[in-house]
Each structure stands twice: as C-alpha cells, then as structure tokens.
file model00.cif (mmCIF, C-alpha atoms)
data_my_file
loop_
_atom_site.label_atom_id
_atom_site.label_comp_id
_atom_site.auth_asym_id
_atom_site.auth_seq_id
_atom_site.Cartn_x
_atom_site.Cartn_y
_atom_site.Cartn_z
CA MET A 1005 -26.18 -51.94 0.68
CA VAL A 1006 -22.75 -52.77 2.05
CA THR A 1007 -21.92 -55.65 4.35
CA LEU A 1008 -19.19 -54.74 6.85
CA ASN A 1009 -17.24 -57.64 8.35
CA SER A 1010 -14.60 -57.13 11.02
CA ASP A 1011 -12.23 -59.19 13.13
CA GLN A 1012 -9.36 -58.54 15.51
CA VAL A 1013 -6.06 -59.69 14.05
CA GLY A 1014 -2.37 -59.65 14.89
CA PRO A 1015 -0.60 -59.36 18.26
CA TRP A 1016 -2.08 -55.91 19.00
CA GLY A 1017 -5.73 -56.83 18.46
CA MET A 1018 -6.08 -54.55 15.44
CA ASN A 1019 -9.45 -54.32 13.69
CA SER A 1020 -9.34 -55.38 10.03
CA TYR A 1021 -12.41 -54.74 7.87
CA ALA A 1022 -13.96 -56.21 4.74
CA LEU A 1023 -16.63 -54.26 2.86
CA ILE A 1024 -18.78 -56.29 0.48
CA CYS A 1025 -21.22 -54.85 -2.08
CA ASP A 1026 -24.44 -56.80 -1.53
CA GLN A 1027 -25.53 -56.40 -5.17
CA THR A 1028 -22.32 -57.49 -6.95
CA GLN A 1029 -20.33 -59.29 -4.22
CA GLU A 1030 -17.26 -57.21 -5.07
CA SER A 1031 -15.27 -56.39 -1.94
CA VAL A 1032 -12.34 -54.49 -0.48
CA LEU A 1033 -10.08 -55.49 2.41
CA ILE A 1034 -9.00 -52.70 4.76
CA ASP A 1035 -5.89 -52.90 6.99
CA PRO A 1036 -4.65 -56.51 6.77
CA GLY A 1037 -2.95 -56.50 10.16
CA GLY A 1038 -2.33 -60.25 10.48
CA ASP A 1039 -3.94 -63.68 10.55
CA PRO A 1040 -4.60 -64.24 6.82
CA GLU A 1041 -7.07 -67.04 7.58
CA LYS A 1042 -9.27 -64.58 9.48
CA LEU A 1043 -8.98 -62.03 6.67
CA ASN A 1044 -10.06 -64.56 4.07
CA ALA A 1045 -12.97 -65.61 6.26
CA MET A 1046 -14.12 -61.98 6.47
CA LEU A 1047 -14.12 -61.78 2.68
CA ALA A 1048 -16.32 -64.91 2.59
CA ASN A 1049 -17.31 -65.78 -0.99
CA SER A 1050 -16.91 -62.23 -2.29
CA ARG A 1051 -14.71 -61.03 -5.17
CA PRO A 1052 -11.94 -58.79 -3.73
CA VAL A 1053 -10.89 -55.91 -6.01
CA ALA A 1054 -8.43 -54.00 -3.78
CA ILE A 1055 -6.65 -53.74 -0.45
CA LEU A 1056 -6.95 -50.34 1.22
CA LEU A 1057 -4.87 -48.94 4.08
CA THR A 1058 -5.96 -46.34 6.60
CA HIS A 1059 -2.23 -45.90 7.36
CA THR A 1060 1.06 -47.80 7.36
CA HIS A 1061 1.85 -48.55 11.02
CA ILE A 1062 3.11 -52.11 11.41
CA ASP A 1063 0.03 -53.39 13.26
CA HIS A 1064 -2.12 -52.50 10.22
CA VAL A 1065 0.07 -54.12 7.55
CA MET A 1066 1.60 -57.29 9.01
CA ALA A 1067 -0.25 -59.53 6.52
CA LEU A 1068 -0.20 -57.06 3.64
CA GLU A 1069 2.24 -58.83 1.32
CA THR A 1070 0.66 -62.21 2.01
CA MET A 1071 -2.80 -60.90 1.13
CA LEU A 1072 -1.56 -59.03 -1.95
CA GLU A 1073 -0.09 -62.29 -3.21
CA GLN A 1074 -3.16 -64.36 -2.35
CA LEU A 1075 -5.79 -61.95 -3.70
CA ASP A 1076 -3.81 -60.55 -6.66
CA VAL A 1077 -5.40 -57.10 -6.30
CA PRO A 1078 -3.92 -53.57 -6.22
CA LEU A 1079 -2.98 -51.72 -3.04
CA LEU A 1080 -4.40 -48.25 -2.38
CA LEU A 1081 -3.01 -45.91 0.28
CA HIS A 1082 -2.22 -42.27 0.97
CA PRO A 1083 1.07 -40.91 -0.43
CA GLY A 1084 1.89 -38.98 2.74
CA GLU A 1085 4.81 -39.75 5.04
CA HIS A 1086 4.66 -43.49 5.72
CA ALA A 1087 5.74 -45.28 8.89
CA SER A 1088 9.52 -45.44 9.18
CA ASP A 1089 9.55 -49.24 9.04
CA PHE A 1090 7.12 -49.50 6.10
CA THR A 1091 8.46 -50.64 2.73
CA MET A 1092 6.20 -50.35 -0.30
CA PRO A 1093 5.47 -53.90 -1.49
CA ASP A 1094 6.53 -54.82 -4.99
CA TYR A 1095 2.93 -55.08 -6.18
CA GLU A 1096 0.59 -52.83 -8.13
CA HIS A 1097 -0.36 -49.80 -6.07
CA SER A 1098 -1.84 -46.33 -6.40
CA PHE A 1099 -2.46 -43.41 -4.09
CA LEU A 1100 -5.61 -41.95 -2.55
CA ASN A 1101 -5.73 -38.27 -1.64
CA ASP A 1102 -8.21 -36.17 0.31
CA GLY A 1103 -11.47 -35.90 -1.61
CA ASP A 1104 -10.82 -38.92 -3.82
CA SER A 1105 -13.39 -41.66 -4.27
CA PHE A 1106 -13.03 -45.38 -4.84
CA VAL A 1107 -15.77 -47.46 -6.43
CA PHE A 1108 -16.29 -51.19 -5.93
CA GLY A 1109 -19.40 -52.89 -7.19
CA ASN A 1110 -22.26 -50.41 -6.80
CA GLN A 1111 -20.63 -48.76 -3.80
CA THR A 1112 -18.46 -45.66 -3.40
CA LEU A 1113 -15.94 -44.85 -0.67
CA HIS A 1114 -14.97 -41.23 -0.07
CA VAL A 1115 -11.47 -40.49 1.22
CA ARG A 1116 -10.70 -37.92 3.92
CA TYR A 1117 -7.13 -37.10 4.91
CA ALA A 1118 -6.80 -37.21 8.71
CA PRO A 1119 -3.18 -36.62 9.80
CA GLY A 1120 -1.90 -36.37 13.36
CA HIS A 1121 -1.47 -39.96 14.49
CA ILE A 1122 0.69 -40.41 11.36
CA GLY A 1123 1.22 -38.44 8.16
CA ASP A 1124 -0.55 -40.93 5.86
CA GLN A 1125 -3.75 -41.49 7.86
CA ILE A 1126 -7.01 -41.50 5.89
CA CYS A 1127 -10.65 -42.33 6.67
CA PHE A 1128 -13.14 -44.08 4.38
CA LEU A 1129 -16.73 -42.81 4.29
CA ILE A 1130 -19.29 -45.15 2.72
CA ASP A 1131 -21.49 -43.13 0.36
CA GLY A 1132 -25.10 -42.96 1.54
CA ASP A 1133 -24.25 -44.76 4.76
CA GLN A 1134 -23.52 -43.62 8.31
CA ARG A 1135 -20.55 -45.99 8.75
CA ILE A 1136 -16.99 -44.61 8.55
CA ILE A 1137 -13.70 -46.54 8.76
CA VAL A 1138 -11.52 -44.17 10.80
CA GLY A 1139 -8.33 -46.17 11.43
CA ASP A 1140 -6.46 -44.67 14.39
CA THR A 1141 -7.82 -41.14 13.88
CA ILE A 1142 -10.28 -41.31 16.77
CA PHE A 1143 -11.48 -43.82 19.37
CA ALA A 1144 -14.38 -43.88 21.79
CA GLY A 1145 -12.04 -42.85 24.61
CA GLY A 1146 -9.67 -40.41 22.93
CA PRO A 1147 -7.70 -39.46 19.82
CA GLY A 1148 -4.96 -41.56 18.25
CA LYS A 1149 -1.53 -41.50 19.90
CA THR A 1150 0.90 -38.83 18.74
CA TRP A 1151 4.70 -38.84 18.79
CA SER A 1152 5.40 -35.08 18.80
CA HIS A 1153 3.69 -31.87 19.87
CA ALA A 1154 3.37 -30.89 16.21
CA GLY A 1155 1.62 -34.20 15.57
CA PHE A 1156 -0.74 -33.56 18.48
CA LEU A 1157 -1.64 -30.12 17.13
CA GLU A 1158 -2.26 -31.71 13.74
CA SER A 1159 -4.52 -34.26 15.41
CA LEU A 1160 -6.53 -31.44 17.00
CA GLN A 1161 -6.96 -29.84 13.58
CA THR A 1162 -8.14 -33.14 12.14
CA LEU A 1163 -10.68 -33.58 14.93
CA GLU A 1164 -12.02 -30.06 14.49
CA HIS A 1165 -12.09 -29.78 10.70
CA VAL A 1166 -12.48 -33.37 9.48
CA VAL A 1167 -14.23 -35.43 12.17
CA LEU A 1168 -16.60 -33.03 13.96
CA PRO A 1169 -18.33 -31.90 10.73
CA TRP A 1170 -19.63 -35.47 10.30
CA PRO A 1171 -23.26 -35.95 11.43
CA ASP A 1172 -24.02 -37.19 14.95
CA GLU A 1173 -25.43 -40.39 13.41
CA SER A 1174 -22.02 -41.31 11.99
CA VAL A 1175 -20.78 -44.63 13.35
CA CYS A 1176 -16.98 -44.74 13.55
CA PHE A 1177 -15.13 -48.04 13.11
CA PRO A 1178 -11.62 -47.59 14.55
CA GLY A 1179 -8.40 -49.55 14.26
CA HIS A 1180 -8.71 -50.79 17.85
CA GLY A 1181 -11.63 -51.26 20.20
CA PRO A 1182 -15.38 -50.99 19.62
CA SER A 1183 -17.26 -48.88 17.12
CA PHE A 1184 -19.11 -45.83 18.45
CA ARG A 1185 -21.63 -43.19 17.44
CA LEU A 1186 -19.97 -39.81 16.95
CA GLY A 1187 -22.84 -37.89 18.54
CA ASP A 1188 -22.36 -39.82 21.78
CA ILE A 1189 -18.85 -38.42 22.29
CA ARG A 1190 -19.15 -35.07 20.50
CA PRO A 1191 -19.30 -32.97 23.72
CA GLN A 1192 -16.16 -34.67 25.05
CA VAL A 1193 -14.28 -34.11 21.78
CA GLU A 1194 -15.31 -30.45 21.64
CA ALA A 1195 -14.20 -29.91 25.26
CA PHE A 1196 -10.90 -31.67 24.55
CA ILE A 1197 -10.18 -29.44 21.57
CA ALA A 1198 -11.04 -26.29 23.56
CA LYS A 1199 -8.53 -27.05 26.35
CA ASP A 1200 -4.96 -25.77 26.51
CA HIS A 1201 -2.83 -28.92 26.59
CA GLY A 1202 0.51 -27.12 26.68
CA GLU A 1203 3.30 -29.03 24.95
CA PHE A 1204 1.54 -32.38 25.28
CA PHE A 1205 1.82 -35.36 22.94
CA GLY A 1206 1.36 -39.11 23.40
CA ASP A 1207 -1.61 -41.21 24.52
CA ALA A 1208 -4.61 -39.04 25.34
CA GLU A 1209 -8.09 -39.44 26.80
CA TRP A 1210 -11.01 -37.07 26.31
CA GLY A 1211 -11.26 -36.24 30.01
CA MET A 1212 -7.64 -35.24 30.52
#
call {"tool": "encode", "arguments": {"input": "model00.cif", "output": "structure tokens"}}
result
Amino acid sequence: MVTLNSDQVGPWGMNSYALICDQTQESVLIDPGGDPEKLNAMLANSRPVAILLTHTHIDHVMALETMLEQLDVPLLLHPGEHASDFTMPDYEHSFLNDGDSFVFGNQTLHVRYAPGHIGDQICFLIDGDQRIIVGDTIFAGGPGKTWSHAGFLESLQTLEHVVLPWPDESVCFPGHGPSFRLGDIRPQVEAFIAKDHGEFFGDAEWGM
C-alpha cells in the first residue's frame, strides 16, 4: 500500500504530494512548490529517495533547491521543453520519459507524457492503485491552461489518448484544487474534445 499525503504550498496554493511505501517507509516528494516545513511534515518519518516533478512551472518548483539540499536525493523530471524561467539545479538529476517506471520501496510509479499545458508535463500512475498524480494536465473543471493554439490542440490530444483511456475508477490528484474521480467528469471531457473550439487557447472549462 501507498500512503499519499498532500498539502497546499506557495503563493498559488499548489498541491504538493508525498508518496510513502507502507512496507518500507521509503518515499518520494512530488512538486515542491514552496513552504519547506509543510513538505517535510508531509514526508513525516519516511526515508525520501527522490524528488519528482510533474512539470517545471515556477509554482511547482519554488522550494526545489531547498528540498534537494535538505533531503540529498536525486531529481527526476521529463526532458521536454522546460518552463522559460526554469534553471536545472546543480544537483544529481535524471530524466523520465513516457512509459518509464520508477520504483521506491515495494511500489512502482508509471510515467505518462501529457503535453499541452507545457512541453515537459508528465503524470504518475501508482501501480495497482486507482490514484494518479496528474499535475496540471486536467482538473475537475477543465484542462490545464494553454499559451498557444498549438498547445491547446496538444492538450486535446493528451486528453483523448492519455487521460480518457484510464478507468472510470481512476482518482486524479491535480496541481491545484480537489481530487476527482475520472468517471464523474468523463462525459464532459468527451463533449469538450468533440467541440470545434476554433483558434482558442488559454483558460478553459468543460462547459464552454
């Protein structure tokens, strides 16, 4: 089993996550967006082995260097186009690509590439578990914000080919706001994808 701890951190109320293997107490920290004291509290008395990023937007990495220094663990992230203001920290790091897996304790995370919101967005699926860390790929009320029409089209492709194939029972844990069951919003997502949105990009809601 995996314990999932979460707290809102930083000035944008971003959700950071800690996953702890119940059998071994090894853990990973996902998206250290601020407030190191809260991040350490989420890790409790576990043994951190890595920091993982869903993507490199500033609200997800504000405490990254602090936590890398404190925990002395490697950083894992996607090699795709990073945020323009992101600088790779001078610490041990490696890259995760679509289809890769990461093992901590007796647990395995599966990586899915989910571009659109940004070019280095990935999701983490917990093996044998319905919980998925989705970053800013999808929210209960709409998809992640896009900054170009090409990015919006990429987001639609991600929703159709990456997200919707997940089972209805999947519970998505996003970078902002509450978690949600995918089956509860599936009809809205399918209708959103089917619409002609013209040259749209930006903040979107399912009912638009």
call {"tool": "resolve_selection", "arguments": {"input": "model00.cif", "expression": "the PyMOL selection byres ((chain A and resi 1134) around 6)", "output": "mmCIF file with C-alpha atoms, in the coordinates of the input"}}
result
data_model
loop_
_atom_site.group_PDB
_atom_site.id
_atom_site.type_symbol
_atom_site.label_atom_id
_atom_site.label_comp_id
_atom_site.auth_asym_id
_atom_site.auth_seq_id
_atom_site.Cartn_x
_atom_site.Cartn_y
_atom_site.Cartn_z
ATOM 1 C CA ASP A 1133 -24.250 -44.760 4.760
ATOM 2 C CA ARG A 1135 -20.550 -45.990 8.750
ATOM 3 C CA SER A 1174 -22.020 -41.310 11.990
ATOM 4 C CA VAL A 1175 -20.780 -44.630 13.350
#
call {"tool": "closest_atom_pairs", "arguments": {"input": "model00.cif", "of": "stretch 1062-1156 of chain A", "to": "stretch 1164-1171 of chain A", "cutoff": "9 Å", "atoms": "only C-alpha atoms", "output": "CSV"}}
result
residue,atom,partner,partner_atom,distance
A:Arg1116,CA,A:Val1166,CA,7.4
A:Tyr1117,CA,A:Val1166,CA,8.0
A:Ala1118,CA,A:Val1166,CA,6.9
A:Gln1134,CA,A:Pro1171,CA,8.3
A:Thr1141,CA,A:Val1167,CA,8.8
A:Ile1142,CA,A:Val1167,CA,8.4
call {"tool": "atom_distance", "arguments": {"input": "model00.cif", "atom1": "atom CA of A:Gly1146", "atom2": "atom CA of A:His1061"}}
result
18.5 Å
call {"tool": "resolve_selection", "arguments": {"input": "model00.cif", "expression": "the PyMOL selection byres ((chain A and resi 1184) around 12)", "output": "PyMOL selection string"}}
result
chain A and resi 1134-1138+1142-1146+1172-1178+1180-1183+1185-1190
call {"tool": "atom_distance", "arguments": {"input": "model00.cif", "atom1": "atom CA of A:Met1046", "atom2": "atom CA of A:Gln1074"}}
result
14.3 Å
call {"tool": "atom_distance", "arguments": {"input": "model00.cif", "atom1": "atom CA of A:Phe1196", "atom2": "atom CA of A:Ile1130"}}
result
27.0 Å
call {"tool": "residues_around", "arguments": {"input": "model00.cif", "residues": "stretch 1024-1034 of chain A", "least_positions_apart": "5", "cutoff": "8 Å", "atoms": "only C-alpha atoms", "output": "JSON, numbers by chain"}}
result
{"A": [1005, 1006, 1007, 1008, 1043, 1047, 1049, 1050, 1051, 1052, 1053, 1054, 1055, 1056, 1057, 1058, 1108, 1109, 1110, 1111]}
call {"tool": "closest_residue", "arguments": {"input": "model00.cif", "among": "A:Ile1126, A:Ala1154, A:Ala1045, A:Met1071", "to": "A:Tyr1095", "atoms": "all atoms listed in the file"}}
result
A:Met1071
call {"tool": "closest_residue", "arguments": {"input": "model00.cif", "among": "A:Leu1068, A:Leu1113, A:Leu1160, A:Val1193", "to": "A:Met1092", "atoms": "all atoms listed in the file"}}
result
A:Leu1068
